[in-house]
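Student: File name input.pdb; file contents PDB, C-alpha atoms; full text below.
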MODEL        1
ATOM      1  CA  MET A   1     -17.266 -54.880   3.494
ATOM      2  CA  VAL A   2     -15.318 -51.740   2.593
ATOM      3  CA  LEU A   3     -17.259 -51.494  -0.637
ATOM      4  CA  ASN A   4     -20.529 -51.802   1.191
ATOM      5  CA  ASN A   5     -19.495 -49.024   3.487
ATOM      6  CA  ILE A   6     -18.454 -46.819   0.586
ATOM      7  CA  GLU A   7     -21.736 -47.393  -1.172
ATOM      8  CA  LYS A   8     -23.600 -46.321   1.927
ATOM      9  CA  LEU A   9     -21.392 -43.261   2.244
ATOM     10  CA  ILE A  10     -21.950 -42.356  -1.399
ATOM     11  CA  GLU A  11     -25.679 -42.524  -0.839
ATOM     12  CA  LYS A  12     -25.383 -40.247   2.175
ATOM     13  CA  TYR A  13     -22.964 -38.048   0.242
ATOM     14  CA  ASN A  14     -25.443 -37.464  -2.535
ATOM     15  CA  ASN A  15     -28.004 -36.393   0.028
ATOM     16  CA  ALA A  16     -25.450 -34.048   1.589
ATOM     17  CA  GLU A  17     -25.647 -35.865   4.903
ATOM     18  CA  THR A  18     -22.043 -36.929   5.257
ATOM     19  CA  THR A  19     -19.740 -35.383   7.819
ATOM     20  CA  LEU A  20     -16.372 -33.950   6.882
ATOM     21  CA  ALA A  21     -14.619 -37.049   8.216
ATOM     22  CA  GLU A  22     -16.776 -39.320   6.063
ATOM     23  CA  GLU A  23     -16.094 -37.171   3.031
ATOM     24  CA  THR A  24     -12.373 -37.450   3.660
ATOM     25  CA  GLN A  25     -12.846 -41.217   3.769
ATOM     26  CA  LEU A  26     -14.611 -41.133   0.390
ATOM     27  CA  ARG A  27     -11.969 -38.891  -1.052
ATOM     28  CA  ASP A  28      -9.234 -41.231   0.107
ATOM     29  CA  TYR A  29     -11.015 -44.200  -1.408
ATOM     30  CA  PHE A  30     -11.646 -42.606  -4.793
ATOM     31  CA  THR A  31      -8.237 -41.048  -5.187
ATOM     32  CA  GLY A  32      -6.707 -44.443  -4.421
ATOM     33  CA  SER A  33      -5.880 -46.981  -7.131
ATOM     34  CA  ASP A  34      -8.524 -49.690  -6.628
ATOM     35  CA  VAL A  35     -11.967 -48.298  -7.176
ATOM     36  CA  ALA A  36     -14.851 -50.717  -7.815
ATOM     37  CA  PRO A  37     -15.844 -50.648 -11.525
ATOM     38  CA  HIS A  38     -19.443 -49.647 -10.892
ATOM     39  CA  LEU A  39     -18.285 -46.667  -8.838
ATOM     40  CA  GLU A  40     -15.609 -45.639 -11.330
ATOM     41  CA  HIS A  41     -17.634 -42.655 -12.546
ATOM     42  CA  TYR A  42     -17.311 -40.977  -9.144
ATOM     43  CA  LYS A  43     -13.586 -41.026  -9.419
ATOM     44  CA  PRO A  44     -13.056 -37.918 -11.589
ATOM     45  CA  MET A  45     -15.221 -35.935  -9.209
ATOM     46  CA  PHE A  46     -13.101 -36.647  -6.163
ATOM     47  CA  VAL A  47      -9.864 -36.477  -8.100
ATOM     48  CA  TYR A  48     -10.919 -33.095  -9.341
ATOM     49  CA  PHE A  49     -11.869 -31.916  -5.864
ATOM     50  CA  SER A  50      -8.546 -32.898  -4.384
ATOM     51  CA  GLN A  51      -6.676 -31.381  -7.313
ATOM     52  CA  ALA A  52      -8.620 -28.153  -7.170
ATOM     53  CA  GLN A  53      -7.583 -27.923  -3.552
ATOM     54  CA  GLN A  54      -3.920 -27.686  -4.561
ATOM     55  CA  GLU A  55      -4.275 -24.581  -6.626
ATOM     56  CA  GLN A  56      -2.488 -21.610  -5.161
ATOM     57  CA  TYR A  57      -2.517 -17.896  -5.416
ATOM     58  CA  THR A  58       0.988 -16.904  -6.418
ATOM     59  CA  LYS A  59       0.655 -13.263  -7.325
ATOM     60  CA  ASP A  60       2.195 -10.695  -5.029
ATOM     61  CA  VAL A  61      -0.046  -8.141  -3.458
ATOM     62  CA  PRO A  62       1.470  -4.696  -3.187
ATOM     63  CA  LEU A  63       0.745  -3.766   0.394
ATOM     64  CA  LYS A  64       1.615  -0.133   0.667
ATOM     65  CA  PRO A  65       1.940   1.133   4.192
ATOM     66  CA  LYS A  66      -0.400   3.974   4.980
ATOM     67  CA  ARG A  67       2.474   6.231   6.007
ATOM     68  CA  THR A  68       2.901   7.671   2.489
ATOM     69  CA  LYS A  69      -0.224   9.755   3.002
ATOM     70  CA  MET A  70       1.170  11.062   6.282
ATOM     71  CA  TYR A  71       4.317  12.272   4.547
ATOM     72  CA  GLN A  72       2.291  14.312   2.093
ATOM     73  CA  TRP A  73       0.499  16.020   4.943
ATOM     74  CA  ILE A  74       3.748  16.673   6.786
ATOM     75  CA  SER A  75       4.999  18.775   3.867
ATOM     76  CA  VAL A  76       1.736  20.687   3.789
ATOM     77  CA  ALA A  77       2.019  21.316   7.529
ATOM     78  CA  ALA A  78       5.600  22.509   7.133
ATOM     79  CA  VAL A  79       4.617  25.028   4.481
ATOM     80  CA  THR A  80       1.719  26.303   6.592
ATOM     81  CA  VAL A  81       3.966  26.781   9.604
ATOM     82  CA  LEU A  82       6.478  28.663   7.464
ATOM     83  CA  MET A  83       3.811  30.941   6.009
ATOM     84  CA  LEU A  84       2.310  31.624   9.431
ATOM     85  CA  GLY A  85       5.785  32.368  10.758
ATOM     86  CA  LEU A  86       6.201  35.009   8.088
ATOM     87  CA  ILE A  87       2.718  36.500   8.231
ATOM     88  CA  ILE A  88       1.870  36.601  11.940
ATOM     89  CA  PRO A  89       4.679  38.999  13.054
ATOM     90  CA  GLN A  90       3.578  41.431  10.326
ATOM     91  CA  ILE A  91      -0.022  41.321  11.485
ATOM     92  CA  LEU A  92       0.735  41.595  15.187
ATOM     93  CA  GLY A  93       3.416  44.325  14.841
ATOM     94  CA  PRO A  94       6.443  44.655  17.164
ATOM     95  CA  SER A  95       6.063  43.312  20.662
ATOM     96  CA  LYS A  96       6.596  45.352  23.883
ATOM     97  CA  GLU A  97       9.992  43.854  24.371
ATOM     98  CA  GLU A  98      11.016  44.906  20.876
ATOM     99  CA  ILE A  99       9.722  48.467  21.453
ATOM    100  CA  ARG A 100      11.664  48.656  24.706
ATOM    101  CA  GLN A 101      14.786  47.460  22.976
ATOM    102  CA  LYS A 102      14.340  49.990  20.191
ATOM    103  CA  GLU A 103      13.979  52.808  22.735
ATOM    104  CA  LEU A 104      17.083  51.606  24.495
ATOM    105  CA  ALA A 105      18.974  51.600  21.210
ATOM    106  CA  MET A 106      17.739  55.137  20.453
ATOM    107  CA  GLU A 107      18.869  56.342  23.856
ATOM    108  CA  THR A 108      22.315  54.856  23.409
ATOM    109  CA  TYR A 109      22.510  56.435  19.985
ATOM    110  CA  ASN A 110      21.653  59.854  21.353
ATOM    111  CA  LYS A 111      24.220  59.534  24.121
ATOM    112  CA  THR A 112      26.875  58.513  21.655
ATOM    113  CA  MET A 113      26.027  61.442  19.398
ATOM    114  CA  GLU A 114      26.335  63.826  22.352
ATOM    115  CA  ALA A 115      29.709  62.443  23.312
ATOM    116  CA  LEU A 116      30.870  62.679  19.707
ATOM    117  CA  SER A 117      29.737  66.304  19.415
ATOM    118  CA  LEU A 118      31.687  67.113  22.597
ATOM    119  CA  VAL A 119      34.755  65.592  20.981
ATOM    120  CA  SER A 120      34.181  67.650  17.829
ATOM    121  CA  ILE A 121      33.967  70.884  19.890
ATOM    122  CA  GLY A 122      37.336  70.032  21.386
ATOM    123  CA  MET A 123      38.672  69.386  17.917
ATOM    124  CA  ASN A 124      37.474  72.839  16.735
ATOM    125  CA  GLU A 125      39.215  74.500  19.670
ATOM    126  CA  GLY A 126      42.414  72.716  18.694
ATOM    127  CA  LYS A 127      41.960  73.950  15.138
ATOM    128  CA  GLU A 128      41.749  77.619  16.330
ATOM    129  CA  GLN A 129      45.035  77.220  18.182
ATOM    130  CA  LEU A 130      46.493  75.918  14.904
ATOM    131  CA  ASN A 131      45.437  79.250  13.293
ATOM    132  CA  SER A 132      47.748  81.154  15.630
ATOM    133  CA  LEU A 133      50.558  78.845  14.452
ATOM    134  CA  THR A 134      49.903  79.877  10.826
ATOM    135  CA  LEU A 135      50.155  83.489  11.935
ATOM    136  CA  VAL A 136      53.550  82.717  13.412
ATOM    137  CA  SER A 137      54.609  81.071  10.147
ATOM    138  CA  ASP A 138      53.456  84.157   8.233
ATOM    139  CA  ASN A 139      55.639  86.379  10.436
ATOM    140  CA  LEU A 140      58.506  83.991   9.859
ATOM    141  CA  ASN A 141      58.092  84.291   6.072
ATOM    142  CA  GLN A 142      58.045  88.057   6.322
ATOM    143  CA  GLY A 143      61.191  87.919   8.366
ATOM    144  CA  LEU A 144      62.774  85.681   5.728
ATOM    145  CA  GLU A 145      61.890  88.154   2.943
ATOM    146  CA  GLU A 146      63.435  90.960   4.894
ATOM    147  CA  ALA A 147      66.485  88.793   5.451
ATOM    148  CA  SER A 148      66.744  88.223   1.661
ATOM    149  CA  ARG A 149      66.617  91.970   1.167
ATOM    150  CA  LEU A 150      69.479  92.215   3.609
ATOM    151  CA  THR A 151      71.533  89.768   1.467
ATOM    152  CA  GLU A 152      70.834  91.853  -1.648
ATOM    153  CA  PHE A 153      71.910  94.916   0.240
ATOM    154  CA  SER A 154      75.138  93.166   1.254
ATOM    155  CA  LYS A 155      75.752  92.145  -2.417
ATOM    156  CA  ALA A 156      75.327  95.728  -3.434
ATOM    157  CA  THR A 157      77.791  96.926  -0.800
ATOM    158  CA  ASN A 158      80.294  94.265  -1.929
ATOM    159  CA  ARG A 159      80.116  95.575  -5.549
ATOM    160  CA  ILE A 160      80.690  99.081  -4.303
ATOM    161  CA  PHE A 161      83.726  97.870  -2.419
ATOM    162  CA  LYS A 162      85.069  96.063  -5.552
ATOM    163  CA  ASN A 163      84.587  99.159  -7.749
ATOM    164  CA  LYS A 164      86.573 101.193  -5.335
TER     165      LYS A 164
ATOM    166  CA  MET B   1      -1.089  -4.204  12.830
ATOM    167  CA  LYS B   2       2.093  -4.490  10.859
ATOM    168  CA  GLN B   3       2.579  -5.911   7.397
ATOM    169  CA  ALA B   4       4.093  -9.141   8.735
ATOM    170  CA  ASP B   5       1.168  -9.704  11.114
ATOM    171  CA  PHE B   6      -1.261  -9.084   8.314
ATOM    172  CA  VAL B   7       0.490 -11.483   5.961
ATOM    173  CA  SER B   8       0.530 -14.219   8.568
ATOM    174  CA  LEU B   9      -3.165 -13.625   9.232
ATOM    175  CA  VAL B  10      -4.094 -13.733   5.568
ATOM    176  CA  MET B  11      -1.671 -16.451   4.455
ATOM    177  CA  PRO B  12      -3.781 -19.455   5.509
ATOM    178  CA  PHE B  13      -6.830 -18.512   3.478
ATOM    179  CA  LYS B  14      -5.601 -16.452   0.548
ATOM    180  CA  ASP B  15      -5.556 -19.574  -1.638
ATOM    181  CA  LYS B  16      -9.122 -20.348  -0.645
ATOM    182  CA  VAL B  17     -10.166 -16.846  -1.618
ATOM    183  CA  PHE B  18      -8.408 -17.274  -4.926
ATOM    184  CA  ARG B  19      -9.998 -20.661  -5.632
ATOM    185  CA  LEU B  20     -13.472 -19.400  -4.828
ATOM    186  CA  ALA B  21     -12.888 -16.392  -7.068
ATOM    187  CA  LYS B  22     -11.671 -18.664  -9.825
ATOM    188  CA  ARG B  23     -14.653 -20.950  -9.428
ATOM    189  CA  LEU B  24     -16.979 -18.023  -9.963
ATOM    190  CA  LEU B  25     -15.027 -15.933 -12.447
ATOM    191  CA  VAL B  26     -13.513 -18.893 -14.350
ATOM    192  CA  SER B  27     -10.594 -16.937 -15.757
ATOM    193  CA  ARG B  28      -7.380 -17.134 -13.802
ATOM    194  CA  GLU B  29      -6.503 -13.485 -14.450
ATOM    195  CA  GLU B  30      -9.896 -12.302 -13.287
ATOM    196  CA  ALA B  31      -9.577 -14.416 -10.175
ATOM    197  CA  GLU B  32      -6.109 -13.058  -9.451
ATOM    198  CA  ASP B  33      -7.360  -9.507  -9.781
ATOM    199  CA  ALA B  34     -10.302 -10.263  -7.537
ATOM    200  CA  THR B  35      -8.068 -11.840  -4.908
ATOM    201  CA  GLN B  36      -5.759  -8.881  -4.970
ATOM    202  CA  GLU B  37      -8.700  -6.562  -4.605
ATOM    203  CA  ILE B  38     -10.008  -8.525  -1.617
ATOM    204  CA  LEU B  39      -6.631  -8.608   0.090
ATOM    205  CA  LEU B  40      -6.136  -4.887  -0.460
ATOM    206  CA  LYS B  41      -9.561  -4.204   0.973
ATOM    207  CA  LEU B  42      -8.637  -6.236   4.031
ATOM    208  CA  TRP B  43      -5.340  -4.393   4.309
ATOM    209  CA  LYS B  44      -7.042  -1.015   4.123
ATOM    210  CA  ASN B  45      -9.363  -1.990   6.935
ATOM    211  CA  LYS B  46      -6.739  -3.747   8.966
ATOM    212  CA  GLU B  47      -7.634  -1.836  12.118
ATOM    213  CA  LYS B  48     -11.184  -3.165  11.970
ATOM    214  CA  ILE B  49     -10.090  -6.707  11.134
ATOM    215  CA  GLU B  50      -8.951  -7.287  14.677
ATOM    216  CA  ASP B  51     -12.527  -6.921  15.880
ATOM    217  CA  TYR B  52     -13.812  -9.755  13.713
ATOM    218  CA  LYS B  53     -13.919 -13.131  15.309
ATOM    219  CA  ASN B  54     -13.522 -15.068  12.102
ATOM    220  CA  VAL B  55     -11.555 -13.162   9.502
ATOM    221  CA  GLU B  56     -11.492 -16.145   7.179
ATOM    222  CA  ALA B  57     -15.263 -16.548   7.039
ATOM    223  CA  PHE B  58     -15.623 -12.798   6.655
ATOM    224  CA  SER B  59     -13.168 -12.804   3.749
ATOM    225  CA  MET B  60     -14.953 -15.664   2.035
ATOM    226  CA  THR B  61     -18.249 -13.793   2.267
ATOM    227  CA  MET B  62     -16.512 -10.731   0.888
ATOM    228  CA  THR B  63     -15.065 -12.756  -1.974
ATOM    229  CA  LYS B  64     -18.443 -14.243  -2.819
ATOM    230  CA  ASN B  65     -20.122 -10.832  -2.891
ATOM    231  CA  PHE B  66     -17.280  -9.253  -4.814
ATOM    232  CA  CYS B  67     -17.267 -11.954  -7.489
ATOM    233  CA  LEU B  68     -21.028 -11.925  -7.893
ATOM    234  CA  ASP B  69     -20.920  -8.161  -8.307
ATOM    235  CA  ARG B  70     -18.154  -8.608 -10.813
ATOM    236  CA  LEU B  71     -20.224 -11.064 -12.794
ATOM    237  CA  LYS B  72     -23.151  -8.694 -12.818
ATOM    238  CA  SER B  73     -21.124  -5.692 -13.885
ATOM    239  CA  LYS B  74     -20.387  -4.942 -17.491
ATOM    240  CA  GLN B  75     -16.681  -5.259 -16.829
ATOM    241  CA  ALA B  76     -16.966  -8.996 -16.814
ATOM    242  CA  GLN B  77     -18.996  -9.263 -19.995
ATOM    243  CA  ASN B  78     -16.135 -10.685 -22.006
ATOM    244  CA  LEU B  79     -14.801 -13.265 -19.626
ATOM    245  CA  LYS B  80     -12.215 -15.614 -20.978
ATOM    246  CA  ILE B  81     -12.540 -19.243 -20.155
ATOM    247  CA  VAL B  82      -9.163 -20.555 -19.163
ATOM    248  CA  HIS B  83      -8.616 -24.065 -18.002
ATOM    249  CA  SER B  84      -5.778 -24.767 -15.691
ATOM    250  CA  ASN B  85      -3.352 -27.571 -16.271
ATOM    251  CA  TYR B  86      -3.941 -30.569 -14.137
ATOM    252  CA  THR B  87      -1.139 -32.559 -12.605
ATOM    253  CA  ASP B  88      -0.260 -35.916 -14.029
ATOM    254  CA  ASN B  89      -1.557 -39.143 -12.600
ATOM    255  CA  ASN B  90       0.669 -42.172 -12.460
ATOM    256  CA  ALA B  91      -1.185 -44.134 -15.054
ATOM    257  CA  SER B  92      -0.767 -45.294 -18.618
ATOM    258  CA  LEU B  93      -1.089 -42.655 -21.332
ATOM    259  CA  GLN B  94      -4.487 -43.943 -22.332
ATOM    260  CA  LYS B  95      -5.746 -43.815 -18.773
ATOM    261  CA  GLN B  96      -3.983 -40.531 -18.206
ATOM    262  CA  VAL B  97      -5.700 -38.846 -21.135
ATOM    263  CA  GLU B  98      -8.990 -40.383 -20.126
ATOM    264  CA  ALA B  99      -8.597 -39.318 -16.522
ATOM    265  CA  LYS B 100      -7.567 -35.838 -17.530
ATOM    266  CA  ASP B 101     -10.566 -35.554 -19.771
ATOM    267  CA  SER B 102     -12.917 -36.715 -17.070
ATOM    268  CA  VAL B 103     -11.383 -34.455 -14.485
ATOM    269  CA  ASP B 104     -11.551 -31.601 -16.917
ATOM    270  CA  TRP B 105     -15.150 -32.535 -17.496
ATOM    271  CA  VAL B 106     -15.940 -32.124 -13.801
ATOM    272  CA  SER B 107     -14.759 -28.549 -13.870
ATOM    273  CA  ARG B 108     -16.858 -27.910 -16.967
ATOM    274  CA  ILE B 109     -19.885 -29.449 -15.312
ATOM    275  CA  MET B 110     -19.302 -27.217 -12.330
ATOM    276  CA  GLU B 111     -19.223 -24.175 -14.551
ATOM    277  CA  ASP B 112     -22.766 -24.964 -15.629
ATOM    278  CA  LEU B 113     -24.095 -25.111 -12.096
ATOM    279  CA  PRO B 114     -26.023 -22.160 -10.695
ATOM    280  CA  GLU B 115     -23.765 -19.754  -8.828
ATOM    281  CA  GLN B 116     -25.171 -20.601  -5.417
ATOM    282  CA  GLN B 117     -24.459 -24.303  -5.934
ATOM    283  CA  LYS B 118     -21.030 -23.584  -7.362
ATOM    284  CA  ILE B 119     -20.124 -21.663  -4.235
ATOM    285  CA  ILE B 120     -21.463 -24.357  -1.946
ATOM    286  CA  VAL B 121     -19.653 -27.198  -3.728
ATOM    287  CA  GLN B 122     -16.485 -25.121  -3.718
ATOM    288  CA  LEU B 123     -16.740 -24.415  -0.002
ATOM    289  CA  ARG B 124     -17.761 -27.908   1.006
ATOM    290  CA  ASP B 125     -16.089 -30.385  -1.316
ATOM    291  CA  ILE B 126     -12.952 -28.458  -2.100
ATOM    292  CA  GLU B 127     -12.315 -26.255   0.911
ATOM    293  CA  GLN B 128     -14.015 -28.621   3.370
ATOM    294  CA  TYR B 129     -15.783 -26.140   5.592
ATOM    295  CA  ASP B 130     -18.489 -27.502   7.839
ATOM    296  CA  PHE B 131     -22.123 -26.694   7.232
ATOM    297  CA  ALA B 132     -22.393 -24.178  10.040
ATOM    298  CA  GLU B 133     -19.519 -22.149   8.614
ATOM    299  CA  ILE B 134     -20.895 -22.254   5.088
ATOM    300  CA  ALA B 135     -24.323 -21.218   6.325
ATOM    301  CA  LYS B 136     -22.735 -18.271   8.109
ATOM    302  CA  MET B 137     -20.642 -17.233   5.110
ATOM    303  CA  LEU B 138     -23.556 -17.338   2.728
ATOM    304  CA  ASP B 139     -26.128 -16.025   5.178
ATOM    305  CA  MET B 140     -28.372 -19.060   4.655
ATOM    306  CA  ASN B 141     -29.629 -21.723   6.994
ATOM    307  CA  GLU B 142     -27.942 -25.102   7.154
ATOM    308  CA  THR B 143     -30.850 -27.006   5.638
ATOM    309  CA  ALA B 144     -30.834 -24.801   2.569
ATOM    310  CA  VAL B 145     -27.086 -25.351   2.221
ATOM    311  CA  ARG B 146     -27.606 -29.132   2.420
ATOM    312  CA  VAL B 147     -30.394 -29.085  -0.131
ATOM    313  CA  ASN B 148     -28.334 -27.043  -2.577
ATOM    314  CA  LEU B 149     -25.289 -29.206  -2.040
ATOM    315  CA  SER B 150     -27.280 -32.387  -2.572
ATOM    316  CA  ARG B 151     -28.701 -31.016  -5.802
ATOM    317  CA  ALA B 152     -25.306 -29.944  -7.049
ATOM    318  CA  ARG B 153     -23.705 -33.282  -6.229
ATOM    319  CA  LYS B 154     -26.494 -35.177  -7.932
ATOM    320  CA  THR B 155     -26.209 -32.981 -11.032
ATOM    321  CA  ILE B 156     -22.471 -33.564 -11.213
ATOM    322  CA  ARG B 157     -22.932 -37.308 -10.718
ATOM    323  CA  GLU B 158     -25.622 -37.577 -13.367
ATOM    324  CA  LYS B 159     -23.661 -35.664 -15.943
ATOM    325  CA  LEU B 160     -20.553 -37.630 -15.153
ATOM    326  CA  THR B 161     -22.415 -40.937 -15.379
ATOM    327  CA  ASN B 162     -23.756 -39.999 -18.781
ATOM    328  CA  THR B 163     -20.321 -39.058 -20.021
ATOM    329  CA  HIS B 164     -18.853 -42.169 -18.570
ATOM    330  CA  ARG B 165     -21.384 -44.523 -20.094
ATOM    331  CA  HIS B 166     -21.682 -43.058 -23.522
ATOM    332  CA  GLY B 167     -18.317 -41.465 -23.929
ATOM    333  CA  ILE B 168     -20.046 -38.325 -25.192
ATOM    334  CA  LYS B 169     -18.136 -35.153 -24.600
TER     335      LYS B 169
ENDMDL
END
Give the structure from the file, written as structure tokens.
Tutor:
Amino acid sequence: MVLNNIEKLIEKYNNAETTLAEETQLRDYFTGSDVAPHLEHYKPMFVYFSQAQQEQYTKDVPLKPKRTKMYQWISVAAVTVLMLGLIIPQILGPSKEEIRQKELAMETYNKTMEALSLVSIGMNEGKEQLNSLTLVSDNLNQGLEEASRLTEFSKATNRIFKNK
Amino acid sequence: MKQADFVSLVMPFKDKVFRLAKRLLVSREEAEDATQEILLKLWKNKEKIEDYKNVEAFSMTMTKNFCLDRLKSKQAQNLKIVHSNYTDNNASLQKQVEAKDSVDWVSRIMEDLPEQQKIIVQLRDIEQYDFAEIAKMLDMNETAVRVNLSRARKTIREKLTNTHRHGIK
């Protein structure tokens, strides 16, 4: 009964008219232990098919994320930004704000210089007054010289007194 | 689509891709390279993958085309023929050797089939796709698939019967 069925299925199988379920049935029959002798030669075929099904792909596939490319471009972008940052101010020249600030700085500088020159004038006046002091010291020195002459004169008078 | 999503999408059919590649390219190394190539191609186009209804069928078509191209190209001129080791059956040594030989013989018979038939037998008898799917993958109509399959099966049977009866290898 089973054998009859299998024979029919084999016939259909060879004409490629079997369904997947029927093929599974055949496969089960031929991979089993009791196969009718006159159908024995089909056995290797089905054994092979079910063995071939077991084979597996074991190699690893290196799946690199796409991000690596992005990183390369990020560095390029960074360099471009840096270069633009350096070049653009030179091309455009100083901005209005900068000019205004420079003028302000110049003004402050001038004012400071003025104030400083006023101070220096005062200093010079002070120096002139110091000149009169040197004059006084000169007079003092002259006075001292005359005083030393006086001491010599007194020495001389003392000798005269001793000789007497 | 992240790597984990991709792996879980590809996982179920990567072995099928590999087996089809091996059927066509024979050498295990060649088939591994081809599979890797296919998977990398899928990975590169992972944004587009989501639009496909049947990624598996698409991948099988891709594999078929890739392997056929490979066979045509000069690169594959010196293909090695490597037979894989088959698992043991629970039988006596005599039977075991005999069975192994016969099973081995099937794979050799399949190597001699025309490429189209090889692919169809692989997809139908080993991977168990239904005819509609195979027809779609190979861009053929179902009748043509059936005719080719029938021819291939009959060729295998005849060659096997001869071997079996006469013991000629």
Student: Determine the residue membership of the PyMOL selection byres ((chain A and resi 31-38) around 10) for the file above and supply it as a PyMOL selection string.
Tutor: (chain A and resi 3+6+26-30+39-50) or (chain B and resi 90-91)
Student: Rounded to one decimal in Å, what is the spacing between atom CA of Leu133 of chain A and atom CA of Ala147 of chain A?
Tutor: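 Here the two named atoms are 20.8 Å from each other.
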Student: Can you work out which residues from chain B touch chain A at a cut-off of 9 Å (counting all atoms listed in the file) and hand them back as a PyMOL selection string?
Tutor: chain B and resi 2-3+14-19+32+35-37+39-40+43-44+86-87+99-107+122+124-130+145-154+156-157+160-161+163-165
Student: Put those residues in a file: C-alpha atoms, as a PDB file, keeping the file's coordinate frame.
Tutor:
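Resulting contents of out_31.pdb:
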ATOM      1  CA  LYS B   2       2.093  -4.490  10.859  1.00  0.00           C
ATOM      2  CA  GLN B   3       2.579  -5.911   7.397  1.00  0.00           C
ATOM      3  CA  LYS B  14      -5.601 -16.452   0.548  1.00  0.00           C
ATOM      4  CA  ASP B  15      -5.556 -19.574  -1.638  1.00  0.00           C
ATOM      5  CA  LYS B  16      -9.122 -20.348  -0.645  1.00  0.00           C
ATOM      6  CA  VAL B  17     -10.166 -16.846  -1.618  1.00  0.00           C
ATOM      7  CA  PHE B  18      -8.408 -17.274  -4.926  1.00  0.00           C
ATOM      8  CA  ARG B  19      -9.998 -20.661  -5.632  1.00  0.00           C
ATOM      9  CA  GLU B  32      -6.109 -13.058  -9.451  1.00  0.00           C
ATOM     10  CA  THR B  35      -8.068 -11.840  -4.908  1.00  0.00           C
ATOM     11  CA  GLN B  36      -5.759  -8.881  -4.970  1.00  0.00           C
ATOM     12  CA  GLU B  37      -8.700  -6.562  -4.605  1.00  0.00           C
ATOM     13  CA  LEU B  39      -6.631  -8.608   0.090  1.00  0.00           C
ATOM     14  CA  LEU B  40      -6.136  -4.887  -0.460  1.00  0.00           C
ATOM     15  CA  TRP B  43      -5.340  -4.393   4.309  1.00  0.00           C
ATOM     16  CA  LYS B  44      -7.042  -1.015   4.123  1.00  0.00           C
ATOM     17  CA  TYR B  86      -3.941 -30.569 -14.137  1.00  0.00           C
ATOM     18  CA  THR B  87      -1.139 -32.559 -12.605  1.00  0.00           C
ATOM     19  CA  ALA B  99      -8.597 -39.318 -16.522  1.00  0.00           C
ATOM     20  CA  LYS B 100      -7.567 -35.838 -17.530  1.00  0.00           C
ATOM     21  CA  ASP B 101     -10.566 -35.554 -19.771  1.00  0.00           C
ATOM     22  CA  SER B 102     -12.917 -36.715 -17.070  1.00  0.00           C
ATOM     23  CA  VAL B 103     -11.383 -34.455 -14.485  1.00  0.00           C
ATOM     24  CA  ASP B 104     -11.551 -31.601 -16.917  1.00  0.00           C
ATOM     25  CA  TRP B 105     -15.150 -32.535 -17.496  1.00  0.00           C
ATOM     26  CA  VAL B 106     -15.940 -32.124 -13.801  1.00  0.00           C
ATOM     27  CA  SER B 107     -14.759 -28.549 -13.870  1.00  0.00           C
ATOM     28  CA  GLN B 122     -16.485 -25.121  -3.718  1.00  0.00           C
ATOM     29  CA  ARG B 124     -17.761 -27.908   1.006  1.00  0.00           C
ATOM     30  CA  ASP B 125     -16.089 -30.385  -1.316  1.00  0.00           C
ATOM     31  CA  ILE B 126     -12.952 -28.458  -2.100  1.00  0.00           C
ATOM     32  CA  GLU B 127     -12.315 -26.255   0.911  1.00  0.00           C
ATOM     33  CA  GLN B 128     -14.015 -28.621   3.370  1.00  0.00           C
ATOM     34  CA  TYR B 129     -15.783 -26.140   5.592  1.00  0.00           C
ATOM     35  CA  ASP B 130     -18.489 -27.502   7.839  1.00  0.00           C
ATOM     36  CA  VAL B 145     -27.086 -25.351   2.221  1.00  0.00           C
ATOM     37  CA  ARG B 146     -27.606 -29.132   2.420  1.00  0.00           C
ATOM     38  CA  VAL B 147     -30.394 -29.085  -0.131  1.00  0.00           C
ATOM     39  CA  ASN B 148     -28.334 -27.043  -2.577  1.00  0.00           C
ATOM     40  CA  LEU B 149     -25.289 -29.206  -2.040  1.00  0.00           C
ATOM     41  CA  SER B 150     -27.280 -32.387  -2.572  1.00  0.00           C
ATOM     42  CA  ARG B 151     -28.701 -31.016  -5.802  1.00  0.00           C
ATOM     43  CA  ALA B 152     -25.306 -29.944  -7.049  1.00  0.00           C
ATOM     44  CA  ARG B 153     -23.705 -33.282  -6.229  1.00  0.00           C
ATOM     45  CA  LYS B 154     -26.494 -35.177  -7.932  1.00  0.00           C
ATOM     46  CA  ILE B 156     -22.471 -33.564 -11.213  1.00  0.00           C
ATOM     47  CA  ARG B 157     -22.932 -37.308 -10.718  1.00  0.00           C
ATOM     48  CA  LEU B 160     -20.553 -37.630 -15.153  1.00  0.00           C
ATOM     49  CA  THR B 161     -22.415 -40.937 -15.379  1.00  0.00           C
ATOM     50  CA  THR B 163     -20.321 -39.058 -20.021  1.00  0.00           C
ATOM     51  CA  HIS B 164     -18.853 -42.169 -18.570  1.00  0.00           C
ATOM     52  CA  ARG B 165     -21.384 -44.523 -20.094  1.00  0.00           C
TER      53      ARG B 165
END
Student: Between atom CA of Ala34 of chain B and atom CA of Cys67 of chain B, what is the distance in Å, rounded to a tenth?
Tutor: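 Going from atom CA of Ala34 of chain B over to atom CA of Cys67 of chain B covers 7.2 Å.
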Student: Record the distance separating atom CA of Leu123 of chain B and atom CA of Thr61 of chain B, expressed in Å with one decimal.
Tutor: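 Result for atom CA of Leu123 of chain B versus atom CA of Thr61 of chain B: 11.0 Å, one decimal.
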Student: How would segment 11-20 of chain B look written as a CSV table (one decimal), in the first residue's frame with C-alpha atoms?
Tutor:
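File part-v6.csv, as written:
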chain,number,residue,atom,x,y,z
B,11,MET,CA,20.5,35.0,8.8
B,12,PRO,CA,17.7,32.7,7.5
B,13,PHE,CA,18.9,32.5,4.0
B,14,LYS,CA,22.6,33.0,4.1
B,15,ASP,CA,23.2,29.3,4.1
B,16,LYS,CA,20.9,28.9,1.1
B,17,VAL,CA,23.0,31.6,-0.8
B,18,PHE,CA,26.1,29.7,0.2
B,19,ARG,CA,24.8,26.3,-1.0
B,20,LEU,CA,23.6,27.7,-4.3
